[in-house]
Amino acid sequence: MIIDFIADHYKNVDKYPVRSQVEPGYLSKRLPESAPNNPEPTEKILQDVQEHIVPGITHWQSPNYFAYFPSSGSIAGILGEMLSTCFNVVGFNWMSSPAATELESIVMDWLGEMLTLPKPFLFSGNGGGVLQGTTCEAILCTLVAARDQILRNIGRENITKLVVYGSDQTHSAIQKDVEAGLIPFFLCATIGTTSTTAVDPLGPLCKIAKKHSIWVHVDAAYAGSACICPEFRHFPDGVEDADSFSLNAHKWFFTTLDCCCLWVKDPSALIKSLSTYPEYLRNKASESKLVVDCKDWQ
């Protein structure tokens, strides 16, 4: 019944107003004040969803939706999400489900090759990629790694001397992350950033940054995925001198939210800043250093 509900919804999604027409607080007037004491049949639940939830949805999947970024879901994405939900993997380390970690690593290399990312960003070139939830998370993780990397050289007492650079078109996440106090020697450049699809000249920026040992993160959140097209592959020229690169697969790759792809040249920088190793997570595979534990990359 739920599969049929989803199929019918997609078939008719263009018939709904794109922007929800409800007023603030509408749902509390429609639902009971407390949870039901007894279970209800699926038919009744789906009826409630149709009558009370659907009117409160802004229909991102509508062909008439033109805000923020394109409709990102697809039937293939939904089916993949169903399989993933079925297995319900908690993939914090390799041992908790080897297939989850290894599939992620392989597909991230596939995607990196499609984007013609330089070999050092791929597992096959001693770099690597990992899935994050959002661009905010990707930038936050690289900010932390950059901060700790420079402080190991100059001493943590010099944290107030660190600085972040970014153009006025850089993703708004950089402001949020910097305000959290995570201020390294860091430059955030853009290729197709979310607000205006602006593109920075990576070559000159990276050369200046490299001269001063500045970590360069390339935010390609919105339109970077277009670089798989031969006619757009010139946009990342110069990325070979950057340190990290991210894009959102949930924007142009018909992937359900949330799926941000992050590649780094030096995974050890992430691991040194983000790893935790409590006793209950210790295992022979992790100690062998032959596997990826995603918890240390996120």
# chains A, B, ... in the order shown; residues from 1 in each chain; ligands from 1
call {"tool": "residues_around", "arguments": {"residues": "Ser72 in chain A", "least_positions_apart": "5", "cutoff": "6 Å", "atoms": "only C-alpha atoms", "output": "PyMOL selection string"}}
result
chain A and resi 250-251+254-255
call {"tool": "residues_around", "arguments": {"residues": "range 222-236 of chain A", "least_positions_apart": "3", "cutoff": "6 Å", "atoms": "only C-alpha atoms", "output": "list in words"}}
result
Met114, Leu115, Ile191, Gly192, Thr193, Thr194, Val239 and Leu247 of chain A
call {"tool": "select_by_dssp", "arguments": {"residues": "range 175-240 of chain A", "states": "strand (DSSP E or B)", "output": "list of chain:residue names"}}
result
A:Phe186, A:Leu187, A:Cys188, A:Ala189, A:Thr190, A:Ile191, A:Val199, A:Trp215, A:Val216, A:His217, A:Val218, A:Asp219
call {"tool": "write_last_selection", "arguments": {"atoms": "N, CA and C atoms", "output": "mmCIF file, in the first residue's frame"}}
result
data_model
loop_
_atom_site.group_PDB
_atom_site.id
_atom_site.type_symbol
_atom_site.label_atom_id
_atom_site.label_comp_id
_atom_site.auth_asym_id
_atom_site.auth_seq_id
_atom_site.Cartn_x
_atom_site.Cartn_y
_atom_site.Cartn_z
ATOM 1 N N PHE A 186 42.884 28.771 6.143
ATOM 2 C CA PHE A 186 41.936 28.041 5.301
ATOM 3 C C PHE A 186 41.374 28.962 4.232
ATOM 4 N N LEU A 187 41.267 28.452 2.996
ATOM 5 C CA LEU A 187 40.651 29.201 1.909
ATOM 6 C C LEU A 187 39.556 28.340 1.302
ATOM 7 N N CYS A 188 38.361 28.887 1.179
ATOM 8 C CA CYS A 188 37.249 28.168 0.566
ATOM 9 C C CYS A 188 36.968 28.777 -0.798
ATOM 10 N N ALA A 189 37.298 28.035 -1.857
ATOM 11 C CA ALA A 189 37.035 28.473 -3.225
ATOM 12 C C ALA A 189 35.763 27.801 -3.724
ATOM 13 N N THR A 190 35.227 28.292 -4.849
ATOM 14 C CA THR A 190 33.942 27.774 -5.308
ATOM 15 C C THR A 190 33.976 27.374 -6.780
ATOM 16 N N ILE A 191 33.271 26.277 -7.077
ATOM 17 C CA ILE A 191 32.965 25.915 -8.466
ATOM 18 C C ILE A 191 31.474 25.626 -8.496
ATOM 19 N N VAL A 199 32.125 30.705 -10.116
ATOM 20 C CA VAL A 199 33.313 29.866 -10.288
ATOM 21 C C VAL A 199 34.549 30.717 -10.040
ATOM 22 N N TRP A 215 45.378 25.660 3.545
ATOM 23 C CA TRP A 215 44.506 24.584 3.093
ATOM 24 C C TRP A 215 43.432 25.178 2.164
ATOM 25 N N VAL A 216 43.271 24.599 0.979
ATOM 26 C CA VAL A 216 42.253 25.060 0.035
ATOM 27 C C VAL A 216 41.158 23.997 -0.080
ATOM 28 N N HIS A 217 39.941 24.396 0.283
ATOM 29 C CA HIS A 217 38.780 23.528 0.065
ATOM 30 C C HIS A 217 37.975 24.088 -1.095
ATOM 31 N N VAL A 218 37.623 23.220 -2.042
ATOM 32 C CA VAL A 218 36.824 23.632 -3.196
ATOM 33 C C VAL A 218 35.382 23.205 -2.965
ATOM 34 N N ASP A 219 34.514 24.195 -2.805
ATOM 35 C CA ASP A 219 33.085 23.941 -2.607
ATOM 36 C C ASP A 219 32.396 23.957 -3.966
#
call {"tool": "closest_residue", "arguments": {"among": "A:His212, A:Gly125, A:Glu43, A:Leu143", "to": "Asp4 in chain A", "atoms": "only C-alpha atoms"}}
result
A:Glu43
call {"tool": "atom_distance", "arguments": {"atom1": "CA of Val49 in chain A", "atom2": "CA of Asp8 in chain A"}}
result
13.3 Å
call {"tool": "select_by_dssp", "arguments": {"residues": "range 11-202 of chain A", "states": "helix (DSSP H, G or I)", "output": "PyMOL selection string"}}
result
chain A and resi 11-15+27-29+42-56+75-87+94-96+98-114+119-121+123-125+135-154+156-161+173-179+202
call {"tool": "write_last_selection", "arguments": {"atoms": "C-alpha atoms", "output": "compact mmCIF listing (two decimals), in the first residue's frame"}}
result
# COMPACT_ATOMS: atom_id res chain seq x y z
CA LYS A 11 2.21 10.51 -10.77
CA ASN A 12 0.15 13.44 -9.46
CA VAL A 13 2.73 15.66 -7.76
CA ASP A 14 2.43 18.35 -10.46
CA LYS A 15 -1.23 18.85 -9.52
CA LEU A 27 -1.08 20.66 12.10
CA SER A 28 -1.72 20.84 15.85
CA LYS A 29 -5.33 21.77 15.06
CA THR A 42 -2.32 1.32 7.32
CA GLU A 43 -5.27 2.58 5.30
CA LYS A 44 -6.17 5.06 8.06
CA ILE A 45 -2.55 6.18 8.47
CA LEU A 46 -2.16 6.83 4.74
CA GLN A 47 -5.48 8.69 4.72
CA ASP A 48 -4.15 10.94 7.49
CA VAL A 49 -0.93 11.47 5.55
CA GLN A 50 -2.85 12.50 2.45
CA GLU A 51 -5.29 14.78 4.29
CA HIS A 52 -3.01 16.36 6.87
CA ILE A 53 0.64 15.98 5.85
CA VAL A 54 0.61 16.44 2.07
CA PRO A 55 -1.02 19.92 2.32
CA GLY A 56 1.85 21.00 4.58
CA ILE A 75 12.61 6.39 -8.54
CA ALA A 76 16.08 4.82 -8.60
CA GLY A 77 17.05 6.93 -5.58
CA ILE A 78 13.91 5.93 -3.69
CA LEU A 79 14.46 2.24 -4.39
CA GLY A 80 18.08 2.52 -3.26
CA GLU A 81 16.93 4.27 -0.10
CA MET A 82 14.45 1.45 0.54
CA LEU A 83 17.22 -1.17 0.26
CA SER A 84 19.47 0.87 2.54
CA THR A 85 16.67 1.25 5.09
CA CYS A 86 15.98 -2.48 4.90
CA PHE A 87 19.56 -3.34 5.93
CA TRP A 94 34.57 -1.28 8.59
CA MET A 95 33.81 -4.15 10.93
CA SER A 96 30.22 -3.00 11.56
CA PRO A 98 32.36 -4.26 5.49
CA ALA A 99 30.18 -4.00 2.37
CA ALA A 100 28.87 -0.55 3.38
CA THR A 101 32.35 0.92 3.78
CA GLU A 102 33.90 -0.77 0.77
CA LEU A 103 31.00 0.05 -1.57
CA GLU A 104 31.16 3.70 -0.50
CA SER A 105 34.91 3.84 -1.12
CA ILE A 106 34.65 2.18 -4.55
CA VAL A 107 31.78 4.39 -5.72
CA MET A 108 33.55 7.53 -4.50
CA ASP A 109 36.53 6.59 -6.67
CA TRP A 110 34.18 5.92 -9.61
CA LEU A 111 32.60 9.34 -9.20
CA GLY A 112 35.96 11.06 -8.74
CA GLU A 113 37.16 9.52 -12.00
CA MET A 114 34.00 10.70 -13.78
CA LYS A 119 44.60 10.77 -8.80
CA PRO A 120 45.76 12.05 -5.35
CA PHE A 121 42.09 12.67 -4.42
CA PHE A 123 41.76 5.92 -2.82
CA SER A 124 43.71 4.53 -5.75
CA GLY A 125 46.07 7.51 -5.34
CA THR A 135 28.17 20.81 2.45
CA CYS A 136 28.09 22.36 5.93
CA GLU A 137 29.47 19.10 7.33
CA ALA A 138 32.09 18.75 4.59
CA ILE A 139 33.40 22.27 5.17
CA LEU A 140 33.29 21.80 8.94
CA CYS A 141 35.36 18.60 8.75
CA THR A 142 37.98 20.16 6.49
CA LEU A 143 38.08 23.30 8.65
CA VAL A 144 38.84 21.19 11.72
CA ALA A 145 41.50 19.23 9.85
CA ALA A 146 43.13 22.41 8.51
CA ARG A 147 43.06 24.08 11.92
CA ASP A 148 44.69 21.16 13.71
CA GLN A 149 47.23 20.65 10.96
CA ILE A 150 48.58 24.18 11.23
CA LEU A 151 48.40 24.26 15.04
CA ARG A 152 50.55 21.15 15.24
CA ASN A 153 53.25 23.22 13.55
CA ILE A 154 52.86 26.60 15.26
CA ARG A 156 47.83 25.68 19.87
CA GLU A 157 48.46 28.90 21.76
CA ASN A 158 48.51 30.67 18.37
CA ILE A 159 44.93 29.75 17.47
CA THR A 160 43.86 33.42 17.57
CA LYS A 161 46.27 34.21 14.73
CA ALA A 173 28.17 27.34 5.64
CA ILE A 174 31.63 28.86 5.90
CA GLN A 175 30.24 31.74 7.99
CA LYS A 176 28.43 29.33 10.31
CA ASP A 177 31.50 27.14 10.76
CA VAL A 178 33.82 30.08 11.39
CA GLU A 179 31.44 31.53 13.97
CA LEU A 202 41.36 27.83 -8.92
call {"tool": "atom_distance", "arguments": {"atom1": "CA of Phe245 in chain A", "atom2": "CA of Val130 in chain A"}}
result
10.9 Å
call {"tool": "decode", "arguments": {"residues": "range 184-200 of chain A", "atoms": "all heavy atoms", "output": "short mmCIF file (atom, residue, chain, number, x, y, z; two decimals), in the first residue's frame"}}
result
data_model
loop_
_atom_site.label_atom_id
_atom_site.label_comp_id
_atom_site.auth_asym_id
_atom_site.auth_seq_id
_atom_site.Cartn_x
_atom_site.Cartn_y
_atom_site.Cartn_z
N PRO A 184 40.96 28.11 11.02
CA PRO A 184 42.30 27.70 10.65
C PRO A 184 42.91 28.63 9.61
O PRO A 184 42.37 29.70 9.33
CB PRO A 184 42.05 26.32 10.04
CG PRO A 184 40.75 26.51 9.37
CD PRO A 184 39.95 27.49 10.19
N PHE A 185 44.03 28.21 9.05
CA PHE A 185 44.59 28.85 7.88
C PHE A 185 43.91 28.17 6.71
O PHE A 185 44.32 27.09 6.28
CB PHE A 185 46.11 28.63 7.87
CG PHE A 185 46.89 29.83 7.47
CD1 PHE A 185 46.50 31.09 7.87
CD2 PHE A 185 48.05 29.70 6.72
CE1 PHE A 185 47.23 32.21 7.51
CE2 PHE A 185 48.79 30.81 6.36
CZ PHE A 185 48.39 32.06 6.76
N PHE A 186 42.88 28.77 6.14
CA PHE A 186 41.94 28.04 5.30
C PHE A 186 41.37 28.96 4.23
O PHE A 186 41.06 30.12 4.50
CB PHE A 186 40.80 27.54 6.21
CG PHE A 186 39.79 26.62 5.56
CD1 PHE A 186 39.98 25.25 5.58
CD2 PHE A 186 38.65 27.11 4.97
CE1 PHE A 186 39.04 24.39 5.03
CE2 PHE A 186 37.70 26.28 4.41
CZ PHE A 186 37.90 24.89 4.45
N LEU A 187 41.27 28.45 3.00
CA LEU A 187 40.65 29.20 1.91
C LEU A 187 39.56 28.34 1.30
O LEU A 187 39.78 27.18 0.96
CB LEU A 187 41.70 29.55 0.84
CG LEU A 187 41.25 30.46 -0.31
CD1 LEU A 187 42.44 31.24 -0.86
CD2 LEU A 187 40.60 29.68 -1.45
N CYS A 188 38.36 28.89 1.18
CA CYS A 188 37.25 28.17 0.57
C CYS A 188 36.97 28.78 -0.80
O CYS A 188 36.51 29.91 -0.90
CB CYS A 188 36.00 28.23 1.44
SG CYS A 188 34.66 27.16 0.85
N ALA A 189 37.30 28.03 -1.86
CA ALA A 189 37.03 28.47 -3.23
C ALA A 189 35.76 27.80 -3.72
O ALA A 189 35.27 26.85 -3.12
CB ALA A 189 38.22 28.12 -4.12
N THR A 190 35.23 28.29 -4.85
CA THR A 190 33.94 27.77 -5.31
C THR A 190 33.98 27.37 -6.78
O THR A 190 34.63 28.02 -7.61
CB THR A 190 32.82 28.82 -5.13
OG1 THR A 190 33.09 29.94 -5.96
CG2 THR A 190 32.73 29.28 -3.69
N ILE A 191 33.27 26.28 -7.08
CA ILE A 191 32.96 25.92 -8.47
C ILE A 191 31.47 25.63 -8.50
O ILE A 191 31.02 24.56 -8.07
CB ILE A 191 33.73 24.66 -8.92
CG1 ILE A 191 35.24 24.89 -8.91
CG2 ILE A 191 33.30 24.28 -10.35
CD1 ILE A 191 36.03 23.68 -9.37
N GLY A 192 30.70 26.57 -8.96
CA GLY A 192 29.25 26.35 -9.01
C GLY A 192 28.63 26.36 -7.64
O GLY A 192 27.86 25.47 -7.27
N THR A 193 28.95 27.37 -6.83
CA THR A 193 28.43 27.43 -5.47
C THR A 193 26.92 27.64 -5.48
O THR A 193 26.33 28.08 -6.47
CB THR A 193 29.13 28.53 -4.68
OG1 THR A 193 28.80 28.39 -3.29
CG2 THR A 193 28.69 29.90 -5.14
N THR A 194 26.27 27.33 -4.38
CA THR A 194 24.82 27.22 -4.34
C THR A 194 24.10 28.53 -4.65
O THR A 194 23.08 28.53 -5.34
CB THR A 194 24.38 26.69 -2.95
OG1 THR A 194 25.00 25.42 -2.74
CG2 THR A 194 22.88 26.54 -2.87
N SER A 195 24.61 29.64 -4.16
CA SER A 195 23.84 30.88 -4.29
C SER A 195 23.77 31.39 -5.72
O SER A 195 22.70 31.81 -6.18
CB SER A 195 24.42 31.95 -3.37
OG SER A 195 25.78 32.18 -3.69
N THR A 196 24.91 31.36 -6.45
CA THR A 196 24.93 31.99 -7.78
C THR A 196 25.65 31.16 -8.84
O THR A 196 25.87 31.65 -9.95
CB THR A 196 25.62 33.36 -7.71
OG1 THR A 196 26.95 33.19 -7.21
CG2 THR A 196 24.85 34.31 -6.81
N THR A 197 26.05 29.96 -8.51
CA THR A 197 26.89 29.11 -9.38
C THR A 197 28.18 29.82 -9.80
O THR A 197 28.71 29.60 -10.89
CB THR A 197 26.14 28.60 -10.65
OG1 THR A 197 25.82 29.70 -11.50
CG2 THR A 197 24.89 27.85 -10.28
N ALA A 198 28.70 30.66 -8.93
CA ALA A 198 29.96 31.36 -9.21
C ALA A 198 31.11 30.36 -9.32
O ALA A 198 31.10 29.30 -8.69
CB ALA A 198 30.25 32.36 -8.10
N VAL A 199 32.13 30.71 -10.12
CA VAL A 199 33.31 29.87 -10.29
C VAL A 199 34.55 30.72 -10.04
O VAL A 199 34.75 31.75 -10.69
CB VAL A 199 33.36 29.26 -11.71
CG1 VAL A 199 34.66 28.46 -11.88
CG2 VAL A 199 32.15 28.38 -11.96
N ASP A 200 35.37 30.29 -9.09
CA ASP A 200 36.61 31.00 -8.81
C ASP A 200 37.74 30.45 -9.69
O ASP A 200 37.72 29.27 -10.06
CB ASP A 200 37.01 30.82 -7.33
CG ASP A 200 36.14 31.61 -6.39
OD1 ASP A 200 35.65 32.68 -6.81
OD2 ASP A 200 35.94 31.18 -5.24
#
